[in-house]
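> The structure follows.
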Amino acid sequence: MLDKLQAIEDKYEQLGELLSDPSIIANQSEWQKHAKAHAKITDLVAKFREYKEVMKGLEDSREMLREKLDAEMKELVQMELEELKSREEELQEELRILLLPKDPNDDKNVIVEIRGGAGGEEAALFAADLLRMYTRYAERQGWRTEILDASPTDIGGFKEVIFLIEGDGAFSRLKYESGVHRVQRVPDTEASGRIHTSTVTVAVLPEAEEVDIEINPNDLRIDTYCAGGAGGQHVNKTESAVRITHLPTGIVVQCQDEKSQIKNRDKAMRVLRARVLEQAQAAAHAEMADARKSQVGTGDRSERIRTYNFPQGRVTDHRVGITLHKLDMVLEGDLDDIINVLINTAQAEKLKEAE
């Protein structure tokens with residue numbers, strides 16, 4: 001491991017020299033490529049340098065203990081030695097995690113699709129709750145959100161809502177949210193106070209750039225139609241809504257959120273690219289015969305992952321067995337306690353597989 005880390009540090013130094021080379025600076029695309037590579041390993045190199053400092057401190061402390069010291073000084077050096085040993089173990093674990101292969105999608109923006117499942121209007125209302133939860137979480141992270149398409153219901157829910165989250169590391173933190181979210185609560189319309197169980201499916205897709213997935217325009221069928229649903233004079237007057245069918249895969253996306261057909265087409269293409277990329281990556285993963293299912297799930301949108309129980313005020317994530325009795329806070333976007341456990345569990349699984 002140390003040889004590998006030293007090679008990465010040497011590469012880091014070389015990249016630093018290239019970034020100050022006038023001929024590289026003059027070529028912005030080349031400079032940006034090196035800057036991205038440099039930034040990618042900055043945290044790892046910083047951690048490795050701290051590790052080397054700790055190792056030097058351990059060596060110095062052990063050398064001092066070989067000398068003739070008075071009892072008080074010896075005790076101080078011994079205490080420092082124990083602290084350094086503890087830090088050495090922590091850094092070794094952190095370095096092993098940083099050396100794990102990165103998910104190439106981790107730095108991407110995400111497209112989140114929320115659909116009401118079993119439960120009719122109650123499921124649609126909970127879909128709206130989840131949209132609010134993820135929007136609030138994005139705000140806490142300093143990320144930007146944008147609705148791409150939505151099918152609202154008459155009482156404030158959503159049959160389906162698709163939205164974009166833009167921000168550093170968005171996919172790395174939200175990718176474990178894909179799956180079935182179950183809600184248990186008493187609907188406002190339930191006179192007897194009986195608890196209903198409803199489900200909502202969530203799919204979190206990395207946003208695909210044009211360089212990630214090539215879509216041939218000849219493979220697309222694009223239909224336009226009048227937007228439906230509530231909303232002013234514009235509705236049903238012009239064909240601003242767009243439906244795009246990707247013929248090779250049969251994937252269909254539509255968007256009617258904007259009054260402009262051009263904007264709706266652009267939004268629909270962003271969703272289409274993400275879905276085509278997801279399908280291609282899923283096929284590639286399926287071909288890996290020795291692939292193991294992670295403890296945190298496969299990202300399959302048909303897998304039940306979490307229950308939100310309103311009468312008990314609790315949220316349970318079934319993949320890692322964590323239960324939090326702060327439902328109100330979670331629905332206001334306080335998701336870090338759950339997400340951090342999911343990330344740590346996934347890292348532990350990867351470390352186990354790497355042994």
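Identifiers in this document derive from the order of the structure tokens: chains are assigned A, B, ..., residues are numbered from 1 separately in each chain, and ligands are numbered from 1 in order of occurrence.
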At a cut-off of 10 Å, using only C-alpha atoms, what residues contact Val271 (chain A)? Leave out same-chain residues fewer than 3 positions from it and give the result as a PyMOL selection string.

chain A and resi 110-113+148-149+162-164+205-208+252-255+266-268+274-277

> Filtering to C-alpha atoms, could you give me those residues as a compact mmCIF listing (two decimals), in the first residue's frame?


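Okay, selection.txt is ready:
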```txt
# COMPACT_ATOMS: atom_id res chain seq x y z
CA VAL A 110 -28.55 13.48 -10.20
CA ILE A 111 -31.98 13.11 -11.74
CA VAL A 112 -34.48 11.88 -9.15
CA GLU A 113 -37.73 10.22 -10.22
CA LEU A 148 -37.98 18.59 -14.98
CA ASP A 149 -41.48 17.12 -15.21
CA ILE A 162 -38.86 14.18 -11.91
CA PHE A 163 -36.30 16.73 -10.79
CA LEU A 164 -32.62 17.57 -11.14
CA LEU A 205 -29.93 8.41 -11.79
CA PRO A 206 -26.58 10.09 -12.47
CA GLU A 207 -27.07 12.87 -15.00
CA ALA A 208 -25.42 11.77 -18.23
CA VAL A 252 -40.07 7.00 -23.40
CA VAL A 253 -39.76 10.35 -21.63
CA GLN A 254 -42.01 13.37 -21.69
CA CYS A 255 -41.95 16.89 -20.36
CA ASP A 266 -34.04 20.01 -23.56
CA LYS A 267 -35.33 18.78 -20.19
CA ALA A 268 -36.70 15.57 -21.72
CA ALA A 274 -29.79 9.49 -17.77
CA ARG A 275 -32.17 6.57 -18.33
CA VAL A 276 -30.22 5.21 -21.32
CA LEU A 277 -26.98 5.44 -19.30
```

> Name the residues in contact with Glu83 (chain A) at a cut-off of 12 Å, using only C-alpha atoms, excluding same-chain residues fewer than 4 positions from it; report them as a PyMOL selection string.

chain A and resi 54-55+57-58+61+76-79+87-90

> Kindly give the distance, in Å, that separates CA of Asn309 (chain A) and CA of Leu130 (chain A), rounded to a single decimal.

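Separation of CA of Asn309 (chain A) and CA of Leu130 (chain A): 13.8 Å.
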
> Give me the residues within 12 Å of region 151-158 of chain A as a PyMOL selection string, counting only C-alpha atoms and dropping any in the same chain fewer than 6 places off.

chain A and resi 113-117+120-132+188-189+200-201+227-231+254-257

> Tell me, as an NGL selection string, which residues lie within 6 Å of Gly333 (chain A), counting only C-alpha atoms; anything in the same chain fewer than 4 positions away does not count.

:A and (133 or 136-137)

> Contacts of Lys4 (chain A) at 12 Å or less, counting only C-alpha atoms, minus same-chain residues fewer than 4 places along, as a PyMOL selection string?

chain A and resi 8-11+44-45+48+95-96+99

> Skipping near chain neighbours, those fewer than 3 positions away, what residues fall within 7 Å of Tyr225 (chain A) using only C-alpha atoms, listed as a ChimeraX atom specification?

/A:239-242

> Considering only C-alpha atoms, state which residue in the set A:Lys85, A:Arg243, A:Ile305, A:Lys175 is at the smallest distance from Ala346 (chain A).

A:Lys175

> What is the distance between CA of Thr316 (chain A) and CA of Trp143 (chain A), in Å to one decimal?

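Here the two named atoms are 25.7 Å from each other.
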
> Calculate how many Å separate CA of Ala203 (chain A) from CA of Gly179 (chain A), rounding to one decimal.

6.5 Å

> Any chance you could list, as JSON, numbers by chain, the residues in region 3-189 of chain A that come up helix (DSSP H, G or I) when DSSP is run on the backbone?

{"A": [3, 4, 5, 6, 7, 8, 9, 10, 11, 12, 13, 14, 15, 16, 17, 18, 19, 22, 23, 24, 25, 26, 28, 29, 30, 31, 32, 33, 34, 35, 36, 37, 38, 39, 40, 42, 43, 44, 45, 46, 47, 48, 49, 50, 51, 52, 53, 54, 55, 56, 57, 58, 59, 60, 61, 62, 63, 64, 65, 71, 72, 73, 74, 75, 76, 77, 78, 79, 80, 81, 82, 83, 84, 85, 86, 87, 88, 89, 90, 91, 92, 93, 94, 95, 96, 97, 98, 99, 120, 121, 122, 123, 124, 125, 126, 127, 128, 129, 130, 131, 132, 133, 134, 135, 136, 137, 138, 139, 140, 141, 170, 171, 172, 173, 174, 175, 176, 177]}

> Would you write out those residues with C-alpha atoms, as an mmCIF file, in the first residue's frame?


```
data_model
loop_
_atom_site.group_PDB
_atom_site.id
_atom_site.type_symbol
_atom_site.label_atom_id
_atom_site.label_comp_id
_atom_site.auth_asym_id
_atom_site.auth_seq_id
_atom_site.Cartn_x
_atom_site.Cartn_y
_atom_site.Cartn_z
ATOM 1 C CA ASP A 3 4.493 1.999 -2.539
ATOM 2 C CA LYS A 4 1.183 2.764 -4.235
ATOM 3 C CA LEU A 5 0.647 5.847 -2.063
ATOM 4 C CA GLN A 6 4.162 7.094 -2.762
ATOM 5 C CA ALA A 7 3.605 6.708 -6.508
ATOM 6 C CA ILE A 8 0.378 8.729 -6.207
ATOM 7 C CA GLU A 9 2.214 11.471 -4.284
ATOM 8 C CA ASP A 10 4.925 11.572 -6.972
ATOM 9 C CA LYS A 11 2.193 11.913 -9.611
ATOM 10 C CA TYR A 12 0.628 14.711 -7.563
ATOM 11 C CA GLU A 13 3.936 16.614 -7.578
ATOM 12 C CA GLN A 14 4.305 16.142 -11.345
ATOM 13 C CA LEU A 15 0.782 17.458 -11.927
ATOM 14 C CA GLY A 16 1.538 20.462 -9.723
ATOM 15 C CA GLU A 17 4.537 21.305 -11.915
ATOM 16 C CA LEU A 18 2.474 20.931 -15.084
ATOM 17 C CA LEU A 19 -0.173 23.321 -13.715
ATOM 18 C CA PRO A 22 3.245 28.416 -19.101
ATOM 19 C CA SER A 23 2.706 26.196 -22.180
ATOM 20 C CA ILE A 24 0.051 24.183 -20.274
ATOM 21 C CA ILE A 25 -1.601 27.328 -18.894
ATOM 22 C CA ALA A 26 -1.889 28.637 -22.463
ATOM 23 C CA GLN A 28 -6.938 25.763 -21.174
ATOM 24 C CA SER A 29 -8.434 22.382 -22.061
ATOM 25 C CA GLU A 30 -5.103 20.684 -21.238
ATOM 26 C CA TRP A 31 -4.744 22.722 -18.030
ATOM 27 C CA GLN A 32 -8.263 21.820 -16.890
ATOM 28 C CA LYS A 33 -7.584 18.115 -17.521
ATOM 29 C CA HIS A 34 -4.483 18.225 -15.300
ATOM 30 C CA ALA A 35 -6.254 20.382 -12.695
ATOM 31 C CA LYS A 36 -9.054 17.822 -12.451
ATOM 32 C CA ALA A 37 -6.567 14.960 -12.024
ATOM 33 C CA HIS A 38 -4.657 17.000 -9.409
ATOM 34 C CA ALA A 39 -7.820 17.800 -7.429
ATOM 35 C CA LYS A 40 -8.943 14.161 -7.585
ATOM 36 C CA THR A 42 -5.466 16.016 -3.278
ATOM 37 C CA ASP A 43 -7.295 14.537 -0.257
ATOM 38 C CA LEU A 44 -5.478 11.226 -0.579
ATOM 39 C CA VAL A 45 -2.061 12.903 -0.792
ATOM 40 C CA ALA A 46 -2.846 15.154 2.196
ATOM 41 C CA LYS A 47 -3.831 12.097 4.241
ATOM 42 C CA PHE A 48 -0.690 10.208 3.164
ATOM 43 C CA ARG A 49 1.518 13.140 4.170
ATOM 44 C CA GLU A 50 -0.151 13.242 7.569
ATOM 45 C CA TYR A 51 0.458 9.492 7.854
ATOM 46 C CA LYS A 52 4.174 9.990 7.109
ATOM 47 C CA GLU A 53 4.345 12.726 9.770
ATOM 48 C CA VAL A 54 2.736 10.383 12.300
ATOM 49 C CA MET A 55 5.203 7.619 11.407
ATOM 50 C CA LYS A 56 8.107 10.031 11.891
ATOM 51 C CA GLY A 57 6.633 11.093 15.232
ATOM 52 C CA LEU A 58 6.418 7.439 16.309
ATOM 53 C CA GLU A 59 10.033 6.872 15.348
ATOM 54 C CA ASP A 60 11.153 9.974 17.272
ATOM 55 C CA SER A 61 9.134 8.985 20.350
ATOM 56 C CA ARG A 62 10.563 5.454 20.378
ATOM 57 C CA GLU A 63 14.069 6.893 19.987
ATOM 58 C CA MET A 64 13.498 9.176 22.991
ATOM 59 C CA LEU A 65 12.306 6.260 25.127
ATOM 60 C CA ALA A 71 9.927 9.544 35.180
ATOM 61 C CA GLU A 72 7.781 12.563 34.284
ATOM 62 C CA MET A 73 9.319 13.030 30.823
ATOM 63 C CA LYS A 74 9.112 9.306 30.150
ATOM 64 C CA GLU A 75 5.415 9.339 30.992
ATOM 65 C CA LEU A 76 4.795 12.283 28.628
ATOM 66 C CA VAL A 77 6.638 10.592 25.755
ATOM 67 C CA GLN A 78 4.747 7.332 26.408
ATOM 68 C CA MET A 79 1.418 9.205 26.278
ATOM 69 C CA GLU A 80 2.394 10.840 22.986
ATOM 70 C CA LEU A 81 3.447 7.454 21.626
ATOM 71 C CA GLU A 82 0.045 5.931 22.432
ATOM 72 C CA GLU A 83 -1.773 8.858 20.814
ATOM 73 C CA LEU A 84 0.337 8.509 17.675
ATOM 74 C CA LYS A 85 -0.284 4.743 17.532
ATOM 75 C CA SER A 86 -4.026 5.373 17.703
ATOM 76 C CA ARG A 87 -3.821 7.989 14.948
ATOM 77 C CA GLU A 88 -1.698 5.635 12.833
ATOM 78 C CA GLU A 89 -4.473 3.011 12.896
ATOM 79 C CA GLU A 90 -7.126 5.621 12.035
ATOM 80 C CA LEU A 91 -5.081 6.927 9.101
ATOM 81 C CA GLN A 92 -4.430 3.428 7.767
ATOM 82 C CA GLU A 93 -8.188 2.809 7.677
ATOM 83 C CA GLU A 94 -8.874 6.196 6.054
ATOM 84 C CA LEU A 95 -6.189 5.592 3.430
ATOM 85 C CA ARG A 96 -7.591 2.147 2.599
ATOM 86 C CA ILE A 97 -10.999 3.746 2.019
ATOM 87 C CA LEU A 98 -9.537 6.529 -0.131
ATOM 88 C CA LEU A 99 -7.727 3.922 -2.235
ATOM 89 C CA GLY A 120 -53.624 5.926 -4.569
ATOM 90 C CA GLU A 121 -53.972 9.538 -3.374
ATOM 91 C CA GLU A 122 -52.146 8.789 -0.120
ATOM 92 C CA ALA A 123 -49.142 7.539 -2.109
ATOM 93 C CA ALA A 124 -49.283 10.662 -4.287
ATOM 94 C CA LEU A 125 -49.282 12.870 -1.165
ATOM 95 C CA PHE A 126 -46.270 11.024 0.208
ATOM 96 C CA ALA A 127 -44.501 11.491 -3.130
ATOM 97 C CA ALA A 128 -44.903 15.237 -2.500
ATOM 98 C CA ASP A 129 -43.471 14.759 1.017
ATOM 99 C CA LEU A 130 -40.401 13.016 -0.423
ATOM 100 C CA LEU A 131 -39.925 15.758 -3.025
ATOM 101 C CA ARG A 132 -39.909 18.295 -0.187
ATOM 102 C CA MET A 133 -37.518 16.112 1.870
ATOM 103 C CA TYR A 134 -34.949 15.841 -0.929
ATOM 104 C CA THR A 135 -35.331 19.513 -1.838
ATOM 105 C CA ARG A 136 -34.673 20.522 1.781
ATOM 106 C CA TYR A 137 -31.689 18.154 1.950
ATOM 107 C CA ALA A 138 -30.304 19.720 -1.237
ATOM 108 C CA GLU A 139 -30.678 23.178 0.314
ATOM 109 C CA ARG A 140 -28.695 22.045 3.377
ATOM 110 C CA GLN A 141 -25.912 20.857 1.051
ATOM 111 C CA ALA A 170 -24.759 14.786 -5.254
ATOM 112 C CA PHE A 171 -24.814 11.254 -6.661
ATOM 113 C CA SER A 172 -22.294 9.968 -4.096
ATOM 114 C CA ARG A 173 -24.673 10.899 -1.261
ATOM 115 C CA LEU A 174 -28.045 10.196 -2.851
ATOM 116 C CA LYS A 175 -27.404 7.009 -4.859
ATOM 117 C CA TYR A 176 -28.617 4.744 -2.040
ATOM 118 C CA GLU A 177 -32.079 6.376 -2.075
#
```

> From the set A:Glu190, A:Glu67, A:Glu146, A:Asp103, which residue has the shortest atom-to-atom contact distance to Ile165 (chain A), counting only C-alpha atoms?

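The answer is A:Glu146, which sits nearest to Ile165 (chain A).
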